[in-house]
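A.B. asks: You'll find model-v7.cif just under this line, and it carries mmCIF, C-alpha atoms.
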```cif
data_coords
#
loop_
_atom_site.label_atom_id
_atom_site.label_comp_id
_atom_site.auth_asym_id
_atom_site.auth_seq_id
_atom_site.Cartn_x
_atom_site.Cartn_y
_atom_site.Cartn_z
CA MET A 1 -24.46 -33.41 -17.52
CA PHE A 2 -23.70 -29.73 -17.94
CA ARG A 3 -21.04 -28.36 -15.62
CA LEU A 4 -20.19 -24.70 -15.33
CA ARG A 5 -16.51 -24.04 -15.80
CA THR A 6 -15.32 -21.13 -13.73
CA GLY A 7 -12.09 -19.21 -13.88
CA ARG A 8 -10.44 -21.38 -11.23
CA ASP A 9 -11.15 -24.68 -12.89
CA PRO A 10 -7.91 -26.31 -14.08
CA LEU A 11 -9.48 -27.10 -17.41
CA TRP A 12 -10.05 -23.40 -17.95
CA GLY A 13 -6.33 -22.89 -17.64
CA GLU A 14 -5.81 -25.46 -20.37
CA LEU A 15 -8.40 -23.91 -22.65
CA ASP A 16 -6.80 -20.56 -21.92
CA ARG A 17 -3.43 -21.82 -22.97
CA LEU A 18 -4.89 -23.40 -26.05
CA GLN A 19 -6.66 -20.17 -26.94
CA ARG A 20 -3.47 -18.20 -26.48
CA GLY A 21 -1.65 -20.60 -28.73
CA MET A 22 -4.38 -20.33 -31.35
CA ASP A 23 -4.41 -16.57 -30.99
CA GLN A 24 -0.73 -16.31 -31.65
CA LEU A 25 -1.04 -18.63 -34.61
CA PHE A 26 -3.90 -16.64 -36.12
CA GLY A 27 -2.21 -13.40 -35.28
CA ALA A 28 0.90 -14.47 -37.08
CA LEU A 29 -1.16 -15.42 -40.13
CA SER A 30 -3.43 -12.40 -40.26
CA GLY A 31 -1.02 -9.76 -38.98
CA SER A 32 -3.89 -7.54 -38.01
CA ARG A 33 -4.13 -7.86 -34.26
CA ARG A 34 -5.40 -4.87 -32.39
CA PRO A 35 -2.77 -3.63 -29.96
CA PHE A 36 -3.14 -4.52 -26.28
CA GLN A 37 -6.38 -6.44 -26.88
CA GLU A 38 -7.10 -9.79 -25.36
CA PRO A 39 -9.79 -12.13 -26.69
CA PHE A 40 -13.15 -10.53 -25.98
CA TRP A 41 -14.66 -13.62 -24.43
CA ARG A 42 -12.14 -13.67 -21.59
CA GLU A 43 -13.93 -12.83 -18.38
CA ALA A 44 -11.35 -13.65 -15.73
CA GLN A 45 -8.98 -10.87 -14.87
CA LEU A 46 -5.44 -11.48 -16.00
CA PHE A 47 -2.49 -11.29 -13.69
CA PRO A 48 -0.57 -9.07 -13.48
CA LEU A 49 -2.54 -5.93 -14.25
CA ILE A 50 -0.58 -3.77 -16.63
CA ASN A 51 -0.28 -0.10 -17.45
CA VAL A 52 1.27 1.06 -20.69
CA LYS A 53 2.47 4.55 -21.40
CA GLU A 54 3.71 5.87 -24.69
CA SER A 55 6.14 8.66 -25.29
CA ASP A 56 7.64 9.70 -28.60
CA ALA A 57 10.58 7.36 -28.39
CA SER A 58 9.43 4.43 -26.28
CA TYR A 59 6.72 2.42 -24.58
CA THR A 60 6.79 1.89 -20.85
CA VAL A 61 4.99 -1.17 -19.53
CA THR A 62 4.56 -1.41 -15.77
CA ALA A 63 3.10 -4.16 -13.62
CA GLU A 64 2.75 -4.51 -9.88
CA ILE A 65 4.18 -7.87 -8.81
CA PRO A 66 5.40 -7.55 -5.24
CA GLY A 67 7.57 -10.13 -3.51
CA MET A 68 9.12 -11.73 -6.58
CA LYS A 69 12.67 -12.92 -7.01
CA THR A 70 13.94 -11.89 -10.43
CA ASP A 71 14.85 -15.54 -11.03
CA ASP A 72 11.14 -16.37 -11.01
CA LEU A 73 10.34 -13.72 -13.58
CA GLU A 74 10.79 -14.02 -17.33
CA ILE A 75 10.32 -11.36 -20.00
CA LYS A 76 10.42 -12.07 -23.71
CA VAL A 77 10.09 -9.91 -26.79
CA GLU A 78 9.41 -11.54 -30.14
CA GLY A 79 8.58 -9.24 -33.02
CA ASP A 80 5.70 -7.17 -31.68
CA LEU A 81 4.74 -9.49 -28.86
CA LEU A 82 5.83 -8.89 -25.28
CA THR A 83 5.41 -11.78 -22.86
CA LEU A 84 5.60 -11.60 -19.06
CA LYS A 85 5.82 -14.91 -17.34
CA GLY A 86 6.60 -16.04 -13.85
CA GLU A 87 5.68 -17.69 -10.63
CA ARG A 88 4.74 -16.03 -7.40
CA LYS A 89 5.67 -18.44 -4.66
CA PRO A 90 3.86 -18.48 -1.34
CA HIS A 91 5.79 -17.33 1.69
CA GLU A 92 7.59 -20.25 3.33
CA MET A 93 6.10 -20.70 6.73
CA GLY A 94 7.17 -24.14 7.86
CA ALA A 95 5.08 -26.80 9.52
CA GLY A 96 2.68 -25.85 12.24
CA ALA A 97 1.68 -22.48 10.84
CA SER A 98 -1.95 -21.79 10.20
CA HIS A 99 -3.34 -18.76 8.45
CA HIS A 100 -5.94 -16.32 9.67
CA ARG A 101 -6.06 -14.53 6.38
CA ARG A 102 -4.90 -15.31 2.89
CA GLU A 103 -5.46 -12.51 0.41
CA ARG A 104 -2.20 -12.42 -1.50
CA ALA A 105 -2.51 -14.50 -4.64
CA THR A 106 0.23 -16.97 -5.52
CA GLY A 107 0.79 -19.21 -8.49
CA THR A 108 2.01 -19.04 -12.07
CA PHE A 109 1.16 -16.32 -14.52
CA GLN A 110 1.75 -15.56 -18.16
CA ARG A 111 0.55 -12.59 -20.10
CA SER A 112 1.29 -11.45 -23.61
CA LEU A 113 0.76 -8.04 -25.11
CA THR A 114 0.75 -7.04 -28.74
CA LEU A 115 2.61 -3.82 -29.21
CA PRO A 116 1.40 -1.39 -31.86
CA THR A 117 4.75 -1.36 -33.63
CA ARG A 118 7.70 -3.62 -33.89
CA VAL A 119 10.33 -3.31 -31.24
CA ASN A 120 13.96 -4.35 -31.34
CA PRO A 121 14.67 -6.74 -28.45
CA GLU A 122 18.09 -5.14 -28.17
CA ASN A 123 16.37 -1.95 -27.10
CA VAL A 124 14.36 -3.37 -24.27
CA THR A 125 15.33 -2.86 -20.65
CA ALA A 126 13.55 -4.04 -17.56
CA THR A 127 13.88 -3.11 -13.92
CA TYR A 128 12.22 -4.48 -10.82
CA LYS A 129 12.03 -2.14 -7.87
CA ASP A 130 9.85 -2.20 -4.77
CA GLY A 131 7.68 -4.83 -6.38
CA VAL A 132 7.04 -2.92 -9.59
CA LEU A 133 8.28 -4.29 -12.88
CA THR A 134 9.04 -1.61 -15.47
CA VAL A 135 9.80 -2.62 -19.05
CA THR A 136 10.97 0.13 -21.37
CA LEU A 137 10.81 -0.61 -25.07
CA LYS A 138 12.42 1.80 -27.46
CA LYS A 139 10.52 2.15 -30.69
CA GLU A 140 12.16 1.29 -33.97
CA PRO A 141 13.57 4.49 -35.47
CA ALA A 142 11.06 4.21 -38.31
CA ALA A 143 8.23 4.32 -35.79
CA VAL A 144 9.38 7.45 -34.00
CA PRO A 145 7.27 10.38 -35.21
CA LYS A 146 9.42 12.82 -37.08
CA PRO A 147 8.24 16.32 -37.78
CA ILE A 148 8.23 17.23 -41.44
CA LYS A 149 9.17 20.77 -42.23
CA ILE A 150 6.76 22.68 -44.34
CA VAL A 151 8.39 25.01 -46.79
CA SER A 152 6.23 27.84 -48.01
CA GLU A 153 6.65 28.76 -51.62
CA MET B 1 -0.83 -25.89 -5.78
CA THR B 2 1.79 -23.89 -7.59
CA ASP B 3 0.61 -24.91 -11.04
CA GLN B 4 -2.55 -22.94 -10.39
CA GLU B 5 -2.68 -19.75 -12.44
CA ILE B 6 -3.17 -16.55 -10.52
CA GLN B 7 -6.26 -14.47 -11.00
CA ALA B 8 -5.83 -10.73 -10.76
CA ALA B 9 -8.00 -8.79 -8.39
CA PRO B 10 -8.39 -5.04 -8.71
CA LYS B 11 -7.07 -3.07 -5.76
CA GLN B 12 -9.54 -2.27 -3.03
CA GLU B 13 -9.88 1.45 -2.73
CA LEU B 14 -10.77 2.80 0.68
CA SER B 15 -13.98 4.74 0.80
CA THR B 16 -13.48 8.29 1.86
CA GLU B 17 -16.76 8.27 3.73
CA ALA B 18 -14.84 6.74 6.60
CA GLY B 19 -13.86 10.34 7.12
CA GLU B 20 -10.42 9.50 8.37
CA PHE B 21 -8.18 10.95 5.75
CA THR B 22 -6.99 14.46 6.02
CA HIS B 23 -4.23 13.71 3.55
CA GLU B 24 -4.44 14.21 -0.16
CA GLY B 25 -4.38 11.24 -2.42
CA THR B 26 -5.99 7.93 -3.18
CA TYR B 27 -5.71 5.20 -0.60
CA PHE B 28 -5.93 1.48 -1.21
CA SER B 29 -6.25 -1.35 1.23
CA PRO B 30 -3.25 -3.69 0.73
CA ALA B 31 -3.78 -7.44 0.34
CA VAL B 32 -2.62 -9.16 3.48
CA ASP B 33 -1.65 -12.64 4.64
CA ILE B 34 -1.69 -13.39 8.36
CA PHE B 35 0.03 -16.52 9.61
CA ASP B 36 -0.10 -17.91 13.11
CA THR B 37 2.67 -20.02 14.59
CA GLU B 38 3.28 -21.09 18.16
CA ARG B 39 5.58 -18.20 18.91
CA GLU B 40 4.38 -15.36 16.75
CA LEU B 41 2.00 -13.91 14.24
CA VAL B 42 3.41 -12.99 10.85
CA LEU B 43 1.69 -10.38 8.73
CA LEU B 44 2.59 -9.81 5.08
CA ALA B 45 1.16 -6.85 3.19
CA ASP B 46 1.50 -6.19 -0.54
CA MET B 47 2.37 -2.56 -1.14
CA PRO B 48 4.08 -2.43 -4.55
CA GLY B 49 5.73 0.87 -5.40
CA VAL B 50 6.39 1.74 -1.77
CA SER B 51 10.01 1.83 -0.67
CA ALA B 52 11.16 1.08 2.88
CA GLY B 53 11.58 4.74 3.70
CA HIS B 54 7.95 5.47 2.90
CA VAL B 55 6.32 3.02 5.29
CA GLU B 56 4.86 4.09 8.59
CA ILE B 57 3.67 1.74 11.28
CA ASP B 58 1.64 3.15 14.09
CA LEU B 59 0.67 1.24 17.21
CA ARG B 60 -1.63 2.74 19.81
CA ASP B 61 -4.59 1.61 21.87
CA ASN B 62 -4.15 -1.93 20.56
CA VAL B 63 -4.64 -0.80 16.98
CA LEU B 64 -1.85 -1.38 14.48
CA SER B 65 -1.93 0.86 11.42
CA ILE B 66 0.20 0.41 8.35
CA ILE B 67 0.64 3.29 5.93
CA GLY B 68 2.59 3.11 2.68
CA LYS B 69 3.19 6.21 0.63
CA MET B 70 3.79 6.11 -3.10
CA ALA B 71 6.49 8.32 -4.52
CA HIS B 72 4.98 10.51 -7.21
CA GLU B 73 5.14 9.12 -10.74
CA GLY B 74 5.58 12.12 -12.93
CA GLU B 75 6.79 10.23 -15.99
CA LYS B 76 5.97 11.80 -19.26
CA GLY B 77 3.73 10.02 -21.68
CA ASP B 78 0.08 9.21 -22.23
CA PHE B 79 -1.56 6.03 -21.08
CA LEU B 80 -2.32 3.54 -23.82
CA LEU B 81 -3.60 1.04 -21.30
CA ARG B 82 -4.43 1.54 -17.67
CA GLU B 83 -5.55 -1.52 -15.79
CA TYR B 84 -4.51 -0.40 -12.36
CA ARG B 85 -4.26 2.86 -10.52
CA THR B 86 -1.52 3.79 -8.12
CA GLY B 87 -1.83 5.43 -4.77
CA ASN B 88 -1.02 5.09 -1.10
CA TYR B 89 -1.86 2.16 1.14
CA PHE B 90 -3.57 2.09 4.49
CA ARG B 91 -4.94 -0.65 6.69
CA THR B 92 -5.56 -1.17 10.40
CA PHE B 93 -5.63 -4.25 12.60
CA ARG B 94 -6.77 -4.82 16.13
CA ILE B 95 -4.04 -6.45 18.19
CA THR B 96 -5.06 -8.66 21.08
CA GLU B 97 -3.17 -9.13 24.32
CA VAL B 98 -1.61 -12.28 22.87
CA VAL B 99 0.94 -10.06 21.13
CA ASP B 100 3.95 -8.66 22.94
CA GLN B 101 3.74 -5.13 21.55
CA SER B 102 7.25 -4.16 22.59
CA LYS B 103 8.77 -6.86 20.41
CA ILE B 104 7.08 -6.18 17.07
CA THR B 105 9.55 -5.96 14.17
CA ALA B 106 9.07 -4.89 10.57
CA ALA B 107 10.94 -5.33 7.30
CA MET B 108 10.11 -4.05 3.83
CA SER B 109 11.42 -5.46 0.56
CA ASP B 110 10.21 -5.69 -3.04
CA GLY B 111 6.95 -4.04 -2.13
CA VAL B 112 6.09 -6.51 0.63
CA LEU B 113 5.90 -5.43 4.25
CA LYS B 114 6.59 -8.20 6.74
CA LEU B 115 5.59 -7.67 10.33
CA ILE B 116 6.52 -10.14 13.03
CA LEU B 117 4.37 -9.95 16.14
CA PRO B 118 5.83 -12.22 18.81
CA LYS B 119 3.40 -13.67 21.27
CA VAL B 120 3.61 -12.89 24.94
CA GLU B 121 5.58 -15.56 26.83
CA LYS B 122 2.64 -16.98 28.70
CA ALA B 123 0.71 -17.32 25.46
CA VAL B 124 3.32 -19.72 24.07
CA PRO B 125 2.07 -23.25 24.59
CA ARG B 126 4.22 -25.13 27.05
CA LYS B 127 4.15 -28.71 28.19
CA ILE B 128 4.16 -29.11 31.94
CA PRO B 129 6.23 -32.06 33.06
CA ILE B 130 4.60 -34.38 35.54
CA ALA B 131 6.76 -35.53 38.38
CA THR B 132 6.11 -39.05 39.55
CA GLU B 133 5.96 -39.57 43.29
#
```
I'd like the structure from this file rewritten - as structure tokens, please.

C.D. replies:
Amino acid sequence: MFRLRTGRDPLWGELDRLQRGMDQLFGALSGSRRPFQEPFWREAQLFPLINVKESDASYTVTAEIPGMKTDDLEIKVEGDLLTLKGERKPHEMGAGASHHRRERATGTFQRSLTLPTRVNPENVTATYKDGVLTVTLKKEPAAVPKPIKIVSE
Amino acid sequence: MTDQEIQAAPKQELSTEAGEFTHEGTYFSPAVDIFDTERELVLLADMPGVSAGHVEIDLRDNVLSIIGKMAHEGEKGDFLLREYRTGNYFRTFRITEVVDQSKITAAMSDGVLKLILPKVEKAVPRKIPIATE
């Protein structure tokens, strides 16, 4: 019988993970991934939502992840792939507490981004302040735009 | 169920037709958890990007308002990807007489505001001992 798989179905998570694995494999083989693109068929919103800014010398990736302990947060850079991974634990309330409202999402998350150029992991810094994670990635010197002087003859 | 993956939800922006805001800026409604224990209500509000000094809590006429102000960004650079917007936070709650308003406490850390609203003494369930004659 046909069963509709929605975003919350545990099997979806598995297919997701499989797709990510396949993606990375194909990406490594083809080397032509579009930057910051996720597979087009993905309908569910990914957590955390991310903003990326570019300046001449670096990329700044920010994500809003309030209430995390830095121990539960992991950031990896491999080649041109940045991965944010972690677990947002629910607030410990002890036995006998009931909830009137539960809007804050908890659980595990993992998100990878392809950066447009290669980045040296040595040049990556991350800070977590007031619930905002900021990852600054310095571009490889070759990727920094350099003005070329024009000499008139 | 901590092996469940989180889904992201876009931030709820407050509609300005409510006509309440005389301040400049975008306002979002923070995601909130409200827990109820025997002795108190605990309210947690997600306000990432807001530091402790920029939170205001107003309590009047049995209405509790929480306001979180974002410090201005002002970083240089162009957006390559923009999945979320930033702004201030605002949300109100009606407090019933179960809460002892004089004992409300608040703490802010890592973008999460935690409000503890203790219940009035007589609202705390108590067992009444029965004396045998």

A.B. asks: Could you state which residues are captured by the PyMOL selection byres ((chain A and resi 128-140) around 7) in this file, as number ranges by chain?

C.D. replies: A: 57-67, 118-120, 123-127, 141-144; B: 48-51, 109-111

A.B. asks: Using C-alpha atoms, can you export the residues from the last selection as a compact mmCIF listing (two decimals), in the frame of the given file?

C.D. replies:
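Output saved as selection32.txt:
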```txt
# COMPACT_ATOMS: atom_id res chain seq x y z
CA ALA A 57 10.58 7.36 -28.39
CA SER A 58 9.43 4.43 -26.28
CA TYR A 59 6.72 2.42 -24.58
CA THR A 60 6.79 1.89 -20.85
CA VAL A 61 4.99 -1.17 -19.53
CA THR A 62 4.56 -1.41 -15.77
CA ALA A 63 3.10 -4.16 -13.62
CA GLU A 64 2.75 -4.51 -9.88
CA ILE A 65 4.18 -7.87 -8.81
CA PRO A 66 5.40 -7.55 -5.24
CA GLY A 67 7.57 -10.13 -3.51
CA ARG A 118 7.70 -3.62 -33.89
CA VAL A 119 10.33 -3.31 -31.24
CA ASN A 120 13.96 -4.35 -31.34
CA ASN A 123 16.37 -1.95 -27.10
CA VAL A 124 14.36 -3.37 -24.27
CA THR A 125 15.33 -2.86 -20.65
CA ALA A 126 13.55 -4.04 -17.56
CA THR A 127 13.88 -3.11 -13.92
CA PRO A 141 13.57 4.49 -35.47
CA ALA A 142 11.06 4.21 -38.31
CA ALA A 143 8.23 4.32 -35.79
CA VAL A 144 9.38 7.45 -34.00
CA PRO B 48 4.08 -2.43 -4.55
CA GLY B 49 5.73 0.87 -5.40
CA VAL B 50 6.39 1.74 -1.77
CA SER B 51 10.01 1.83 -0.67
CA SER B 109 11.42 -5.46 0.56
CA ASP B 110 10.21 -5.69 -3.04
CA GLY B 111 6.95 -4.04 -2.13
```

A.B. asks: Please identify all residues of chain A having at least one atom at most 9 Å from any atom of chain B, considering all atoms listed in the file, and return them as a PyMOL selection string.

C.D. replies: chain A and resi 7-8+10+13+36+44-56+59-60+63-69+87-91+93+95-110+128-132

A.B. asks: Do you have the CA of Arg111 in chain A-CA of Gly86 in chain A distance handy?

C.D. replies: 9.4 Å

A.B. asks: Would you write out, as a ChimeraX atom specification, every residue that the PyMOL selection byres ((chain B and resi 27) around 8) captures in this file?

C.D. replies: /B:13-14,25-26,28-29,87-90

A.B. asks: CA of Arg94 in chain B and CA of Lys122 in chain B, how far apart in Å?

C.D. replies: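 Separation of CA of Lys122 in chain B and CA of Arg94 in chain B: 19.9 Å.
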
A.B. asks: Calculate how many Å separate CA of Asp58 in chain B from CA of Arg91 in chain B, rounding to one decimal.

C.D. replies: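 According to the coordinates, CA of Asp58 in chain B and CA of Arg91 in chain B are separated by 10.6 Å.
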
A.B. asks: Could you state which residues are captured by the PyMOL selection byres ((chain B and resi 60) around 12) in this file, as a PDB file with C-alpha atoms, in the coordinates of the input?

C.D. replies:
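The resulting file, selection23.pdb, is reproduced below:
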```pdb
ATOM      1  CA  ILE B  57       3.670   1.740  11.280  1.00  0.00           C
ATOM      2  CA  ASP B  58       1.640   3.150  14.090  1.00  0.00           C
ATOM      3  CA  LEU B  59       0.670   1.240  17.210  1.00  0.00           C
ATOM      4  CA  ASP B  61      -4.590   1.610  21.870  1.00  0.00           C
ATOM      5  CA  ASN B  62      -4.150  -1.930  20.560  1.00  0.00           C
ATOM      6  CA  VAL B  63      -4.640  -0.800  16.980  1.00  0.00           C
ATOM      7  CA  LEU B  64      -1.850  -1.380  14.480  1.00  0.00           C
ATOM      8  CA  SER B  65      -1.930   0.860  11.420  1.00  0.00           C
ATOM      9  CA  ILE B  66       0.200   0.410   8.350  1.00  0.00           C
ATOM     10  CA  THR B  92      -5.560  -1.170  10.400  1.00  0.00           C
ATOM     11  CA  PHE B  93      -5.630  -4.250  12.600  1.00  0.00           C
ATOM     12  CA  ARG B  94      -6.770  -4.820  16.130  1.00  0.00           C
ATOM     13  CA  ILE B  95      -4.040  -6.450  18.190  1.00  0.00           C
ATOM     14  CA  THR B  96      -5.060  -8.660  21.080  1.00  0.00           C
ATOM     15  CA  GLN B 101       3.740  -5.130  21.550  1.00  0.00           C
ATOM     16  CA  SER B 102       7.250  -4.160  22.590  1.00  0.00           C
TER      17      SER B 102
END
```

A.B. asks: Select, from B:His54, B:His72, B:Lys11, B:Lys103, the residue with the minimum atom-to-atom distance to Val120 in chain B, counting all atoms listed in the file.

C.D. replies: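 Nearest candidate to Val120 in chain B out of B:His54, B:His72, B:Lys11, B:Lys103: B:Lys103.
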